[in-house]
$ cat input-v1.cif   # mmCIF, N, CA and C atoms
data_model
#
loop_
_atom_site.label_atom_id
_atom_site.label_comp_id
_atom_site.auth_asym_id
_atom_site.auth_seq_id
_atom_site.Cartn_x
_atom_site.Cartn_y
_atom_site.Cartn_z
N MET H 1 -1.22 20.95 -47.89
CA MET H 1 -0.95 20.03 -48.96
C MET H 1 -0.02 20.61 -50.00
N THR H 2 0.15 21.91 -50.00
CA THR H 2 1.00 22.52 -51.01
C THR H 2 2.46 22.15 -50.81
N GLN H 3 2.83 21.74 -49.60
CA GLN H 3 4.23 21.38 -49.34
C GLN H 3 4.54 19.96 -49.78
N GLY H 4 3.56 19.11 -49.88
CA GLY H 4 3.79 17.73 -50.30
C GLY H 4 4.44 16.92 -49.19
N PHE H 5 5.14 15.90 -49.60
CA PHE H 5 5.75 14.98 -48.64
C PHE H 5 7.27 15.05 -48.70
N ALA H 6 7.80 16.17 -49.01
CA ALA H 6 9.25 16.31 -49.08
C ALA H 6 9.84 16.15 -47.68
N PRO H 7 10.98 15.47 -47.59
CA PRO H 7 11.59 15.29 -46.27
C PRO H 7 12.08 16.63 -45.72
N THR H 8 11.97 16.76 -44.43
CA THR H 8 12.48 17.98 -43.80
C THR H 8 13.88 17.72 -43.29
N LEU H 9 14.74 18.65 -43.48
CA LEU H 9 16.13 18.52 -43.04
C LEU H 9 16.28 19.11 -41.65
N GLN H 10 17.08 18.44 -40.85
CA GLN H 10 17.31 18.93 -39.50
C GLN H 10 18.56 19.80 -39.49
N SER H 11 18.54 20.81 -38.66
CA SER H 11 19.72 21.65 -38.52
C SER H 11 20.77 20.90 -37.71
N ASP H 12 21.99 21.40 -37.73
CA ASP H 12 23.07 20.77 -36.98
C ASP H 12 22.77 20.72 -35.49
N ASN H 13 22.09 21.75 -34.97
CA ASN H 13 21.76 21.77 -33.54
C ASN H 13 20.79 20.66 -33.17
N GLN H 14 19.86 20.33 -34.06
CA GLN H 14 18.89 19.29 -33.79
C GLN H 14 19.51 17.90 -33.88
N LYS H 15 20.54 17.74 -34.69
CA LYS H 15 21.16 16.43 -34.88
C LYS H 15 22.02 16.02 -33.69
N LYS H 16 22.52 16.98 -32.94
CA LYS H 16 23.41 16.68 -31.83
C LYS H 16 22.60 16.34 -30.58
N VAL H 17 22.24 15.08 -30.47
CA VAL H 17 21.51 14.61 -29.31
C VAL H 17 22.45 13.71 -28.52
N THR H 18 22.70 14.09 -27.31
CA THR H 18 23.58 13.29 -26.48
C THR H 18 22.75 12.55 -25.45
N SER H 19 23.14 11.35 -25.16
CA SER H 19 22.42 10.53 -24.20
C SER H 19 23.34 10.24 -23.03
N THR H 20 22.83 10.45 -21.84
CA THR H 20 23.60 10.16 -20.64
C THR H 20 23.09 8.90 -19.95
N THR H 21 22.20 8.16 -20.63
CA THR H 21 21.65 6.94 -20.06
C THR H 21 22.72 5.86 -20.08
N THR H 22 22.92 5.23 -18.95
CA THR H 22 23.89 4.14 -18.88
C THR H 22 23.15 2.82 -18.98
N VAL H 23 23.78 1.87 -19.63
CA VAL H 23 23.19 0.55 -19.78
C VAL H 23 23.52 -0.24 -18.53
N GLU H 24 22.47 -0.76 -17.90
CA GLU H 24 22.66 -1.55 -16.70
C GLU H 24 22.98 -2.98 -17.08
N SER H 25 23.50 -3.72 -16.12
CA SER H 25 23.77 -5.12 -16.38
C SER H 25 22.45 -5.89 -16.45
N PHE H 26 22.50 -7.05 -17.03
CA PHE H 26 21.30 -7.88 -17.16
C PHE H 26 20.70 -8.19 -15.79
N GLN H 27 21.54 -8.46 -14.81
CA GLN H 27 21.06 -8.79 -13.48
C GLN H 27 20.32 -7.60 -12.85
N GLU H 28 20.81 -6.39 -13.06
CA GLU H 28 20.14 -5.21 -12.52
C GLU H 28 18.79 -4.98 -13.20
N ILE H 29 18.73 -5.18 -14.50
CA ILE H 29 17.47 -5.02 -15.24
C ILE H 29 16.47 -6.08 -14.77
N GLN H 30 16.92 -7.31 -14.62
CA GLN H 30 16.05 -8.39 -14.17
C GLN H 30 15.53 -8.11 -12.76
N ALA H 31 16.40 -7.68 -11.86
CA ALA H 31 15.99 -7.39 -10.49
C ALA H 31 15.00 -6.23 -10.46
N SER H 32 15.21 -5.23 -11.30
CA SER H 32 14.31 -4.09 -11.36
C SER H 32 12.93 -4.50 -11.86
N LEU H 33 12.88 -5.32 -12.90
CA LEU H 33 11.60 -5.79 -13.43
C LEU H 33 10.87 -6.63 -12.39
N LEU H 34 11.57 -7.54 -11.75
CA LEU H 34 10.95 -8.40 -10.75
C LEU H 34 10.46 -7.61 -9.54
N SER H 35 11.20 -6.57 -9.15
CA SER H 35 10.76 -5.77 -8.00
C SER H 35 9.49 -4.98 -8.35
N CYS H 36 9.38 -4.53 -9.59
CA CYS H 36 8.15 -3.83 -10.02
C CYS H 36 6.97 -4.78 -10.04
N VAL H 37 7.17 -5.99 -10.52
CA VAL H 37 6.10 -6.97 -10.63
C VAL H 37 5.68 -7.45 -9.23
N ASP H 38 6.62 -7.52 -8.30
CA ASP H 38 6.31 -7.95 -6.94
C ASP H 38 5.35 -7.00 -6.23
N LEU H 39 5.30 -5.76 -6.66
CA LEU H 39 4.43 -4.78 -6.03
C LEU H 39 2.95 -4.99 -6.37
N ILE H 40 2.68 -5.78 -7.40
CA ILE H 40 1.30 -6.00 -7.85
C ILE H 40 0.68 -7.11 -7.01
N GLU H 41 -0.46 -6.80 -6.41
CA GLU H 41 -1.16 -7.77 -5.57
C GLU H 41 -1.96 -8.72 -6.45
N ASP H 42 -1.91 -10.01 -6.11
CA ASP H 42 -2.63 -11.03 -6.88
C ASP H 42 -4.08 -11.10 -6.40
N PRO H 43 -5.05 -10.76 -7.25
CA PRO H 43 -6.45 -10.78 -6.83
C PRO H 43 -7.12 -12.16 -6.91
N ARG H 44 -6.42 -13.14 -7.43
CA ARG H 44 -7.02 -14.46 -7.62
C ARG H 44 -7.12 -15.23 -6.31
N THR H 45 -8.06 -16.19 -6.26
CA THR H 45 -8.15 -17.04 -5.07
C THR H 45 -7.02 -18.05 -5.10
N THR H 46 -6.54 -18.41 -3.94
CA THR H 46 -5.36 -19.27 -3.84
C THR H 46 -5.59 -20.65 -4.45
N ARG H 47 -6.76 -21.21 -4.27
CA ARG H 47 -7.00 -22.58 -4.73
C ARG H 47 -7.04 -22.71 -6.25
N THR H 48 -7.24 -21.62 -6.97
CA THR H 48 -7.32 -21.71 -8.44
C THR H 48 -6.03 -21.28 -9.13
N GLN H 49 -5.01 -20.99 -8.37
CA GLN H 49 -3.76 -20.51 -8.97
C GLN H 49 -2.90 -21.70 -9.43
N LYS H 50 -2.70 -21.76 -10.73
CA LYS H 50 -1.81 -22.79 -11.27
C LYS H 50 -0.39 -22.25 -11.43
N HIS H 51 -0.29 -20.94 -11.72
CA HIS H 51 1.01 -20.29 -11.91
C HIS H 51 1.05 -19.03 -11.07
N LYS H 52 2.25 -18.63 -10.70
CA LYS H 52 2.43 -17.39 -9.94
C LYS H 52 2.13 -16.20 -10.85
N LEU H 53 1.50 -15.18 -10.29
CA LEU H 53 1.19 -13.98 -11.06
C LEU H 53 2.46 -13.33 -11.58
N LYS H 54 3.51 -13.34 -10.77
CA LYS H 54 4.79 -12.75 -11.16
C LYS H 54 5.32 -13.41 -12.43
N ASP H 55 5.23 -14.73 -12.50
CA ASP H 55 5.70 -15.46 -13.67
C ASP H 55 4.88 -15.11 -14.91
N ILE H 56 3.56 -15.03 -14.75
CA ILE H 56 2.68 -14.70 -15.87
C ILE H 56 3.00 -13.31 -16.41
N LEU H 57 3.16 -12.35 -15.52
CA LEU H 57 3.41 -10.97 -15.95
C LEU H 57 4.76 -10.82 -16.63
N VAL H 58 5.79 -11.44 -16.07
CA VAL H 58 7.14 -11.32 -16.66
C VAL H 58 7.18 -11.99 -18.03
N ILE H 59 6.60 -13.18 -18.14
CA ILE H 59 6.57 -13.86 -19.44
C ILE H 59 5.80 -13.02 -20.46
N THR H 60 4.69 -12.44 -20.04
CA THR H 60 3.88 -11.62 -20.95
C THR H 60 4.66 -10.39 -21.40
N ILE H 61 5.31 -9.69 -20.48
CA ILE H 61 6.08 -8.49 -20.83
C ILE H 61 7.20 -8.84 -21.81
N LEU H 62 7.94 -9.89 -21.50
CA LEU H 62 9.06 -10.27 -22.37
C LEU H 62 8.59 -10.77 -23.73
N ALA H 63 7.46 -11.48 -23.76
CA ALA H 63 6.93 -11.97 -25.03
C ALA H 63 6.49 -10.81 -25.91
N VAL H 64 5.85 -9.81 -25.33
CA VAL H 64 5.42 -8.65 -26.11
C VAL H 64 6.63 -7.88 -26.63
N ILE H 65 7.66 -7.76 -25.83
CA ILE H 65 8.89 -7.11 -26.30
C ILE H 65 9.48 -7.89 -27.47
N ALA H 66 9.36 -9.22 -27.41
CA ALA H 66 9.89 -10.07 -28.48
C ALA H 66 8.98 -10.12 -29.71
N GLY H 67 7.80 -9.48 -29.64
CA GLY H 67 6.95 -9.39 -30.82
C GLY H 67 5.66 -10.19 -30.75
N ALA H 68 5.32 -10.74 -29.59
CA ALA H 68 4.07 -11.50 -29.47
C ALA H 68 2.88 -10.59 -29.73
N GLU H 69 1.90 -11.12 -30.45
CA GLU H 69 0.73 -10.33 -30.81
C GLU H 69 -0.56 -10.89 -30.23
N GLY H 70 -0.49 -11.92 -29.42
CA GLY H 70 -1.70 -12.49 -28.83
C GLY H 70 -1.34 -13.53 -27.80
N TRP H 71 -2.38 -14.11 -27.18
CA TRP H 71 -2.15 -15.07 -26.10
C TRP H 71 -1.43 -16.32 -26.59
N GLU H 72 -1.71 -16.77 -27.80
CA GLU H 72 -1.02 -17.96 -28.32
C GLU H 72 0.47 -17.68 -28.49
N ASP H 73 0.81 -16.50 -28.98
CA ASP H 73 2.22 -16.12 -29.11
C ASP H 73 2.90 -16.07 -27.75
N ILE H 74 2.18 -15.54 -26.76
CA ILE H 74 2.74 -15.46 -25.40
C ILE H 74 2.96 -16.86 -24.84
N GLU H 75 2.00 -17.75 -25.05
CA GLU H 75 2.15 -19.14 -24.59
C GLU H 75 3.35 -19.81 -25.27
N ASN H 76 3.45 -19.63 -26.57
CA ASN H 76 4.57 -20.23 -27.31
C ASN H 76 5.91 -19.68 -26.83
N TYR H 77 5.95 -18.39 -26.53
CA TYR H 77 7.17 -17.78 -26.01
C TYR H 77 7.54 -18.42 -24.67
N GLY H 78 6.56 -18.53 -23.78
CA GLY H 78 6.82 -19.13 -22.47
C GLY H 78 7.29 -20.57 -22.59
N LEU H 79 6.66 -21.33 -23.46
CA LEU H 79 7.07 -22.72 -23.65
C LEU H 79 8.46 -22.82 -24.25
N SER H 80 8.81 -21.91 -25.13
CA SER H 80 10.14 -21.96 -25.76
C SER H 80 11.24 -21.61 -24.76
N LYS H 81 10.92 -20.85 -23.73
CA LYS H 81 11.91 -20.48 -22.73
C LYS H 81 11.90 -21.41 -21.53
N PHE H 82 10.93 -22.33 -21.47
CA PHE H 82 10.80 -23.22 -20.32
C PHE H 82 12.04 -24.07 -20.10
N SER H 83 12.67 -24.53 -21.17
CA SER H 83 13.86 -25.37 -21.03
C SER H 83 15.03 -24.61 -20.44
N LEU H 84 15.01 -23.29 -20.55
CA LEU H 84 16.08 -22.46 -19.97
C LEU H 84 15.99 -22.39 -18.46
N VAL H 85 14.82 -22.62 -17.92
CA VAL H 85 14.60 -22.52 -16.48
C VAL H 85 15.04 -23.80 -15.78
N GLU H 86 14.83 -24.91 -16.42
CA GLU H 86 15.13 -26.21 -15.79
C GLU H 86 16.61 -26.42 -15.60
#
$ encode --input "input-v1.cif" --output "structure tokens"
Amino acid sequence: MTQGFAPTLQSDNQKKVTSTTTVESFQEIQASLLSCVDLIEDPRTTRTQKHKLKDILVITILAVIAGAEGWEDIENYGLSKFSLVE
């Protein structure tokens, strides 16, 4: 506690962070996400499925990235993007 909350300064060596990550195209990111979601097996019975598990998972992931904090937010996100699919 004797140091308080004074900001710590970074040395020049710490400031030089280089990134070699390349930004992929939207189509590559979408294909990668869908391929990951396709690997998940759907445990639900076929007769009770109203929506595909893949659709539910992708909408949920994207809604959370967009700031959804609960199931109602996720539903609202999905409904707001529904017109883009048609």
$ resolve_selection --input "input-v1.cif" --expression "the PyMOL selection byres (((chain H and resi 37-44 and name CA) around 10) and name CA)" --output "NGL selection string"
:H and (31-36 or 45-49 or 52-58)
$ closest_residue --input "input-v1.cif" --among "H:Gln30, H:Tyr77, H:Ser83, H:Ser25" --to "H:Ile59" --atoms "only N, CA and C atoms"
H:Tyr77
$ atom_distance --input "input-v1.cif" --atom1 "atom N of H:Trp71" --atom2 "atom C of H:Ile29"
24.0 Å
$ atom_distance --input "input-v1.cif" --atom1 "atom CA of H:His51" --atom2 "atom C of H:Ala68"
20.4 Å
$ atom_distance --input "input-v1.cif" --atom1 "atom CA of H:Gly78" --atom2 "atom N of H:Gln27"
19.7 Å
$ axis_aligned_box --input "input-v1.cif" --around "stretch 34-52 of chain H" --padding-each-side "4 Å" --output "JSON"
{"center_x": 1.7, "center_y": -13.3, "center_z": -7.9, "size_x": 27.7, "size_y": 27.0, "size_z": 16.1}
$ residues_around --input "input-v1.cif" --residues "H:Gly67" --least-positions-apart "6" --cutoff "12 Å" --atoms "only C-alpha atoms" --output "JSON, numbers by chain"
{"H": [60, 61, 73, 74, 76, 77]}
